[in-house]
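Participant: My structure is stored as my_file02.pdb, with PDB, C-alpha atoms and all ligand atoms.
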```
MODEL        1
ATOM      1  CA  MET A 285      16.075  34.641  -4.868
ATOM      2  CA  PRO A 286      12.328  33.978  -4.740
ATOM      3  CA  GLU A 287      11.157  30.880  -2.954
ATOM      4  CA  SER A 288      10.437  27.954  -5.303
ATOM      5  CA  ASP A 289       7.088  26.240  -5.433
ATOM      6  CA  TYR A 290       8.487  23.159  -3.707
ATOM      7  CA  GLU A 291      10.151  25.231  -1.022
ATOM      8  CA  TRP A 292       6.832  26.885  -0.314
ATOM      9  CA  LEU A 293       5.098  23.508  -0.115
ATOM     10  CA  ASP A 294       7.824  22.241   2.230
ATOM     11  CA  ARG A 295       7.454  25.290   4.416
ATOM     12  CA  MET A 296       3.668  24.896   4.533
ATOM     13  CA  ASN A 297       4.152  21.175   5.185
ATOM     14  CA  LEU A 298       2.021  20.190   2.200
ATOM     15  CA  CYS A 299       2.142  17.250  -0.198
ATOM     16  CA  HIS A 300       4.050  18.085  -3.435
ATOM     17  CA  ARG A 301       1.455  16.295  -5.544
ATOM     18  CA  CYS A 302      -2.030  17.166  -4.296
ATOM     19  CA  ARG A 303      -0.855  20.288  -2.383
ATOM     20  CA  LYS A 304      -3.608  19.711   0.177
ATOM     21  CA  GLU A 305      -2.624  16.912   2.539
ATOM     22  CA  ARG A 306       0.177  16.767   5.053
ATOM     23  CA  PRO A 307       3.127  14.731   3.671
ATOM     24  CA  ALA A 308       3.976  11.348   5.178
ATOM     25  CA  PRO A 309       6.854  11.575   7.679
ATOM     26  CA  GLY A 310      10.158  12.073   5.859
ATOM     27  CA  ARG A 311       8.448  12.111   2.457
ATOM     28  CA  LYS A 312       7.381  14.785  -0.029
ATOM     29  CA  PHE A 313       3.945  13.263  -0.608
ATOM     30  CA  CYS A 314       0.935  12.379   1.504
ATOM     31  CA  PHE A 315      -0.077   8.741   2.043
ATOM     32  CA  ASP A 316      -2.821   8.888  -0.586
ATOM     33  CA  CYS A 317      -0.476  10.331  -3.178
ATOM     34  CA  LEU A 318       2.258   7.839  -2.322
ATOM     35  CA  ASP A 319      -0.283   5.080  -2.972
ATOM     36  CA  LYS A 320      -1.287   6.650  -6.270
ATOM     37  CA  ILE A 321       2.334   7.132  -7.336
ATOM     38  CA  ARG A 322       3.024   3.502  -6.521
ATOM     39  CA  GLU A 323       0.039   2.441  -8.644
ATOM     40  CA  GLU A 324       1.143   4.638 -11.546
ATOM     41  CA  ASN A 325       4.632   3.203 -11.401
ATOM     42  CA  ALA A 326       3.225  -0.308 -11.352
ATOM     43  CA  ARG A 327       1.187   0.452 -14.482
ATOM     44  CA  ARG A 328       4.160   1.919 -16.306
ATOM     45  CA  TYR A 329       6.294  -1.034 -15.284
ATOM     46  CA  ASP A 330       7.507  -3.301 -18.074
ATOM     47  CA  PRO A 331       7.830  -6.801 -16.554
ATOM     48  CA  GLY A 332      10.117  -8.099 -19.317
ATOM     49  CA  LYS A 333      12.640  -5.275 -19.062
ATOM     50  CA  ALA A 334      12.488  -5.295 -15.287
ATOM     51  CA  ARG A 335      13.258  -9.011 -15.206
ATOM     52  CA  GLU A 336      16.243  -8.498 -17.535
ATOM     53  CA  TYR A 337      17.523  -5.652 -15.414
ATOM     54  CA  GLN A 338      17.045  -7.652 -12.228
ATOM     55  CA  ALA A 339      18.909 -10.622 -13.702
ATOM     56  CA  ARG A 340      21.802  -8.380 -14.730
ATOM     57  CA  ARG A 341      21.948  -6.827 -11.289
ATOM     58  CA  ARG A 342      21.815 -10.189  -9.584
ATOM     59  CA  GLU A 343      24.642 -11.483 -11.759
ATOM     60  CA  LEU A 344      26.797  -8.436 -11.007
ATOM     61  CA  TYR A 345      26.037  -8.810  -7.317
ATOM     62  CA  ARG A 346      27.025 -12.484  -7.415
ATOM     63  CA  GLN A 347      30.269 -11.758  -9.301
ATOM     64  CA  LYS A 348      31.284  -9.033  -6.876
ATOM     65  CA  LYS A 349      30.427 -11.171  -3.894
ATOM     66  CA  THR A 350      32.591 -14.080  -5.100
ATOM     67  CA  ALA A 351      35.441 -11.736  -6.035
ATOM     68  CA  GLY A 352      35.352 -10.111  -2.583
ATOM     69  CA  ILE A 353      34.380  -6.710  -3.965
ATOM     70  CA  CYS A 354      31.889  -4.407  -2.262
ATOM     71  CA  VAL A 355      28.483  -4.975  -3.898
ATOM     72  CA  ARG A 356      27.830  -1.212  -3.904
ATOM     73  CA  CYS A 357      31.114   0.009  -5.420
ATOM     74  CA  SER A 358      34.369  -1.487  -6.666
ATOM     75  CA  LYS A 359      36.440  -1.276  -3.477
ATOM     76  CA  PRO A 360      37.495  -4.454  -1.629
ATOM     77  CA  ALA A 361      34.706  -5.878   0.554
ATOM     78  CA  THR A 362      36.320  -5.570   3.950
ATOM     79  CA  HIS A 363      33.064  -5.816   5.915
ATOM     80  CA  GLY A 364      31.032  -8.796   4.724
ATOM     81  CA  ILE A 365      29.651  -7.885   1.306
ATOM     82  CA  TYR A 366      30.489  -4.167   1.724
ATOM     83  CA  CYS A 367      33.438  -1.843   2.024
ATOM     84  CA  TYR A 368      33.480   0.133   5.261
ATOM     85  CA  ASP A 369      31.689   3.158   3.777
ATOM     86  CA  HIS A 370      28.931   1.083   2.289
ATOM     87  CA  LEU A 371      28.521  -0.974   5.438
ATOM     88  CA  ILE A 372      27.831   2.280   7.276
ATOM     89  CA  ALA A 373      25.539   3.477   4.471
ATOM     90  CA  ALA A 374      23.610   0.187   4.451
ATOM     91  CA  LYS A 375      23.203   0.275   8.221
ATOM     92  CA  ARG A 376      21.987   3.847   8.112
ATOM     93  CA  HIS A 377      19.630   3.061   5.255
ATOM     94  CA  ASN A 378      18.173   0.065   7.101
ATOM     95  CA  ARG A 379      17.724   2.083  10.251
ATOM     96  CA  GLU A 380      16.073   4.952   8.403
ATOM     97  CA  THR A 381      13.774   2.606   6.522
ATOM     98  CA  ALA A 382      12.776   0.876   9.740
ATOM     99  CA  GLU A 383      12.122   4.210  11.433
ATOM    100  CA  ARG A 384      10.122   5.533   8.516
ATOM    101  CA  ARG A 385       7.998   2.390   8.399
ATOM    102  CA  LYS A 386       7.399   2.622  12.114
ATOM    103  CA  MET A 387       6.391   6.273  11.811
ATOM    104  CA  GLN A 388       4.096   5.517   8.900
ATOM    105  CA  ARG A 389       2.426   2.698  10.801
ATOM    106  CA  HIS A 390       2.002   5.023  13.743
ATOM    107  CA  GLU A 391       0.580   7.832  11.596
ATOM    108  CA  ARG A 392      -1.743   5.479   9.804
ATOM    109  CA  GLY A 393      -2.897   4.148  13.139
ATOM    110  CA  LEU A 394      -3.739   7.671  14.261
ATOM    111  CA  ILE A 395      -5.811   8.561  11.213
ATOM    112  CA  PRO A 396      -8.900   6.452  12.077
ATOM    113  CA  GLU A 397      -8.805   7.668  15.697
ATOM    114  CA  LYS A 398      -8.738  11.297  14.588
ATOM    115  CA  ARG A 399     -11.585  10.696  12.179
ATOM    116  CA  VAL A 400     -13.714   8.969  14.797
ATOM    117  CA  ALA A 401     -13.049  11.829  17.194
ATOM    118  CA  ALA A 402     -14.242  14.271  14.517
ATOM    119  CA  GLY A 403     -17.364  12.165  13.882
ATOM    120  CA  LEU A 404     -16.159  11.214  10.397
ATOM    121  CA  CYS A 405     -15.970   7.889   8.628
ATOM    122  CA  PRO A 406     -12.814   6.165   9.981
ATOM    123  CA  ARG A 407     -12.242   4.480   6.628
ATOM    124  CA  CYS A 408     -12.239   7.444   4.226
ATOM    125  CA  GLY A 409     -12.719  10.560   6.363
ATOM    126  CA  ALA A 410     -16.021  11.574   4.723
ATOM    127  CA  GLU A 411     -18.998  12.829   6.699
ATOM    128  CA  LYS A 412     -21.299  10.089   7.922
ATOM    129  CA  PRO A 413     -24.617   9.752   9.761
ATOM    130  CA  ALA A 414     -23.928   9.718  13.508
ATOM    131  CA  GLN A 415     -25.598   6.358  14.130
ATOM    132  CA  GLN A 416     -23.507   4.607  11.464
ATOM    133  CA  LYS A 417     -19.965   3.440  11.932
ATOM    134  CA  TYR A 418     -18.981   4.212   8.311
ATOM    135  CA  CYS A 419     -20.227   6.550   5.601
ATOM    136  CA  ASP A 420     -22.744   5.189   3.076
ATOM    137  CA  ASP A 421     -20.098   4.748   0.363
ATOM    138  CA  CYS A 422     -17.824   2.746   2.646
ATOM    139  CA  ILE A 423     -20.708   0.602   3.900
ATOM    140  CA  LYS A 424     -21.548  -0.195   0.309
ATOM    141  CA  GLN A 425     -17.921  -1.014  -0.505
ATOM    142  CA  LEU A 426     -17.543  -3.143   2.590
ATOM    143  CA  THR A 427     -20.737  -5.134   1.943
ATOM    144  CA  ASP A 428     -19.814  -5.528  -1.719
ATOM    145  CA  ALA A 429     -16.409  -6.885  -0.737
ATOM    146  CA  LEU A 430     -18.065  -9.226   1.745
ATOM    147  CA  ASN A 431     -20.580 -10.456  -0.811
ATOM    148  CA  HIS A 432     -17.842 -10.832  -3.361
ATOM    149  CA  GLY A 433     -15.883 -12.987  -0.913
ATOM    150  CA  ARG A 434     -18.993 -15.047  -0.267
ATOM    151  CA  ASP A 435     -19.679 -15.539  -3.946
ATOM    152  CA  LYS A 436     -16.209 -16.869  -4.427
ATOM    153  CA  SER A 437     -16.452 -19.387  -1.583
ATOM    154  CA  PRO A 438     -17.217 -22.841  -3.019
ATOM    155  CA  PHE A 439     -19.169 -23.794   0.091
ATOM    156  CA  ARG A 440     -21.386 -20.749  -0.280
ATOM    157  CA  SER A 441     -22.128 -21.377  -3.928
ATOM    158  CA  MET A 442     -22.939 -25.033  -3.154
ATOM    159  CA  GLU A 443     -25.310 -23.920  -0.448
ATOM    160  CA  ARG A 444     -26.917 -21.391  -2.728
ATOM    161  CA  GLN A 445     -27.409 -23.961  -5.462
ATOM    162  CA  ARG A 446     -29.005 -26.408  -3.034
ATOM    163  CA  TYR A 447     -31.263 -23.703  -1.728
ATOM    164  CA  SER A 448     -32.475 -22.646  -5.174
ATOM    165  CA  GLN A 449     -33.045 -26.292  -6.140
ATOM    166  CA  GLN A 450     -35.137 -26.841  -3.033
ATOM    167  CA  ARG A 451     -37.065 -23.710  -3.733
ATOM    168  CA  SER A 452     -37.814 -24.621  -7.338
ATOM    169  CA  ARG A 453     -38.836 -28.118  -6.201
ATOM    170  CA  ARG A 454     -41.151 -26.641  -3.607
ATOM    171  CA  TYR A 455     -42.519 -24.290  -6.228
ATOM    172  CA  THR A 456     -43.276 -27.110  -8.686
ATOM    173  CA  ASN A 457     -44.838 -29.223  -5.911
ATOM    174  CA  GLY A 458     -46.942 -26.291  -4.864
ATOM    175  CA  ASN A 459     -48.111 -25.747  -8.394
ATOM    176  CA  SER A 460     -49.006 -29.383  -9.042
ATOM    177  CA  ALA A 461     -50.908 -29.715  -5.749
TER
HETATM  178 ZN    ZN B 501      -1.027  14.319  -1.647
HETATM  179 ZN    ZN B 502      31.541   0.185  -1.281
HETATM  180 ZN    ZN B 503     -16.208   6.280   4.319
ENDMDL
END
```
Please render this file's structure as structure tokens.
Facilitator:
Amino acid sequence: MPESDYEWLDRMNLCHRCRKERPAPGRKFCFDCLDKIREENARRYDPGKAREYQARRRELYRQKKTAGICVRCSKPATHGIYCYDHLIAAKRHNRETAERRKMQRHERGLIPEKRVAAGLCPRCGAEKPAQQKYCDDCIKQLTDALNHGRDKSPFRSMERQRYSQQRSRRYTNGNSA
């Protein structure tokens, strides 16, 4: 049987979405694609339906918990809120999630270092002038974000208002003199 597309991507250790980047540890997609997928899901997300679904799930959970039934299946809850099987499954799931998060943090931590070592922008991985810490695009984004933060600060806007008032006063005085 010929190798499937996904099998090939797995073998080449490539992201299933962009087919260029290395996948995040234990995942099929790279970090960038995982971010994009998360954003897409958030856009598609219907808050009303989700709330209904959540409420139904919570109610079921509560009923099972009071009745002493495993919250994951319908067997008796012999181990806290779980049956034995689901206690084991929950423990394994928690451990795997913790390990994956740790790995992801580690990998993410390594990305900027690798980029710096390659003389690239640590923020986005683009080429940058050697004397600059970031590429031009990132510098622009960073200063924009900084200025945006400043604009929003009430103290800053008060200061700016005072300054422009002083300046206009000085200007009028200068003109009348
Ligand atoms: Zn990707
Ligand atoms: Zn169970
Ligand atoms: Zn950059």
Participant: For the file shown, report as a list of chain:residue names the outcome of the PyMOL selection byres (((not hetatm)) within 9 of (chain B and resi 501)) at residue level.
Facilitator: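 Here the PyMOL selection byres (((not hetatm)) within 9 of (chain B and resi 501)) matches A:Leu298, A:Cys299, A:His300, A:Arg301, A:Cys302, A:Arg303, A:Lys304, A:Glu305, A:Arg306, A:Pro307, A:Ala308, A:Lys312, A:Phe313, A:Cys314, A:Phe315, A:Asp316, A:Cys317, A:Leu318, A:Lys320.
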Participant: Determine the axis-aligned bounding box of all atoms of region 413-422 of chain A present in the file, pad each side by 4 Å, and express its centre and edge lengths in Å to one decimal place as lines of an AutoDock Vina configuration file.
Facilitator:
```
center_x = -21.7
center_y = 6.2
center_z = 7.2
size_x = 15.8
size_y = 15.0
size_z = 21.8
```
Participant: Name the residues that the PyMOL selection byres (((not hetatm)) within 10 of (chain B and resi 502)) pulls out of this structure, and write them as a list in words.
Facilitator: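 Selection result, ordered by chain and number: Ile353, Cys354, Val355, Arg356, Cys357, Ser358, Lys359, Pro360, Ala361, Thr362, His363, Ile365, Tyr366, Cys367, Tyr368, Asp369, His370, Leu371, Ile372, Ala373 and Ala374 of chain A.
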Participant: Okay, now the selection with C-alpha atoms, as a PDB file, in the coordinates of the input?
Facilitator:
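Resulting contents of selection_33.pdb:
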```pdb
ATOM      1  CA  ILE A 353      34.380  -6.710  -3.965  1.00  0.00           C
ATOM      2  CA  CYS A 354      31.889  -4.407  -2.262  1.00  0.00           C
ATOM      3  CA  VAL A 355      28.483  -4.975  -3.898  1.00  0.00           C
ATOM      4  CA  ARG A 356      27.830  -1.212  -3.904  1.00  0.00           C
ATOM      5  CA  CYS A 357      31.114   0.009  -5.420  1.00  0.00           C
ATOM      6  CA  SER A 358      34.369  -1.487  -6.666  1.00  0.00           C
ATOM      7  CA  LYS A 359      36.440  -1.276  -3.477  1.00  0.00           C
ATOM      8  CA  PRO A 360      37.495  -4.454  -1.629  1.00  0.00           C
ATOM      9  CA  ALA A 361      34.706  -5.878   0.554  1.00  0.00           C
ATOM     10  CA  THR A 362      36.320  -5.570   3.950  1.00  0.00           C
ATOM     11  CA  HIS A 363      33.064  -5.816   5.915  1.00  0.00           C
ATOM     12  CA  ILE A 365      29.651  -7.885   1.306  1.00  0.00           C
ATOM     13  CA  TYR A 366      30.489  -4.167   1.724  1.00  0.00           C
ATOM     14  CA  CYS A 367      33.438  -1.843   2.024  1.00  0.00           C
ATOM     15  CA  TYR A 368      33.480   0.133   5.261  1.00  0.00           C
ATOM     16  CA  ASP A 369      31.689   3.158   3.777  1.00  0.00           C
ATOM     17  CA  HIS A 370      28.931   1.083   2.289  1.00  0.00           C
ATOM     18  CA  LEU A 371      28.521  -0.974   5.438  1.00  0.00           C
ATOM     19  CA  ILE A 372      27.831   2.280   7.276  1.00  0.00           C
ATOM     20  CA  ALA A 373      25.539   3.477   4.471  1.00  0.00           C
ATOM     21  CA  ALA A 374      23.610   0.187   4.451  1.00  0.00           C
TER      22      ALA A 374
END
```
Participant: Residues within 7 Å of ligand ZN 503 (chain B) (all atoms listed in the file), as a list in words?
Facilitator: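 Based on all atoms listed in the file, ligand ZN 503 (chain B) is surrounded within 7 Å by Cys405, Pro406, Arg407, Cys408, Gly409, Ala410, Tyr418, Cys419, Asp420, Asp421 and Cys422 of chain A.
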Participant: Could you jot down the CA of Tyr345 (chain A) to CA of Arg384 (chain A) separation for me, Å, one decimal place?
Facilitator: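 Computing the Euclidean distance for CA of Tyr345 (chain A) and CA of Arg384 (chain A) yields 26.6 Å.
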Participant: One number please: CA of Glu343 (chain A) to CA of Asp330 (chain A), in Å, one decimal.
Facilitator: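 Distance reported for this atom pair: 20.0 Å.
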Participant: Work out how far CA of Gln388 (chain A) is from CA of Arg311 (chain A), in Å to one decimal.
Facilitator: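 Value for the CA of Arg311 (chain A)-CA of Gln388 (chain A) distance: 10.2 Å.
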Participant: Closest to Glu383 (chain A) among A:Ser288, A:Glu336, A:Arg295, A:Gly310, using only C-alpha atoms?
Facilitator: A:Gly310
